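Written below as structure tokens is the structure these notes are about.
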Amino acid sequence: MSSLPGLAYLLVKLGHVEWAVAVYSLASQQAFIANSRWFYDIAGKHIEKAAESLPTDVVEAAKACGRELDIWETAENLLVELNEDLAIRVSD
């Protein structure tokens, strides 16, 4: 669970802002992440800044989606997506 904010930040860097908002929203369901200045500083504020480029309704929908995600399914999907995305970037 504690790696999700960092993965959400990586998603921002890879251009997947909406997905990053959803993943950070999922992670923020845990009080130790939601109430942590450290997690906010390393990931949350950067995700918020990137989310400013999206329409408000898209951000709110991504947050709502994140609150409904299953942690293990999301982790598996992130692993697959990030492996594919990073493999493509390395081969280019």
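Each chain in the structure tokens gets a letter, A, B, ..., in the order shown, and its residues are numbered from 1; ligands are numbered from 1 in order too.
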Exercise. Tell me, as a PyMOL selection string, which residues lie within 8 Å of range 43-48 of chain A, counting only C-alpha atoms; anything in the same chain fewer than 4 positions away does not count.
Key: chain A and resi 5-6+8-9+12+17+20-21+24+39+52
Quiz item: Just asking: which residues within chain A are helix (DSSP H, G or I) according to DSSP, as a PyMOL selection string?
Solution: chain A and resi 4-13+17-27+31-34+37-51+56-68+71-91
Practice problem: Between CA of Thr74 in chain A and CA of Gly15 in chain A, measure the distance and give it in Å to one decimal. | Solution: 17.8 Å
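Candidate residues A:Leu78, A:Ala31, A:Val23, A:Ala50 were compared for distance to Ala64 in chain A, and the nearest is A:Val23, using only C-alpha atoms.
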Quiz item: If you count only C-alpha atoms, which residues fall within 12 Å of Glu73 in chain A, apart from same-chain ones fewer than 6 positions away, as a ChimeraX atom specification?
Solution: /A:23,26,66,79-80
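With only C-alpha atoms as the basis for measurement, A:Ala27 is the residue among A:Ala27, A:Leu7, A:Ala22, A:Val59 that approaches Ile71 in chain A most closely.
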Quiz prompt | Separation of CA of Trp72 in chain A from CA of Leu10 in chain A, in Å and rounded to one decimal | solution = 18.3 Å
Quiz item: What lies within 10 Å of range 81-85 of chain A using only C-alpha atoms, ignoring chain neighbours under 3 positions off, as a count of residues only?
Solution: 11
Quiz prompt | Point-to-point distance from CA of Leu4 in chain A to CA of Lys49 in chain A, Å rounded to tenths | solution = 17.6 Å
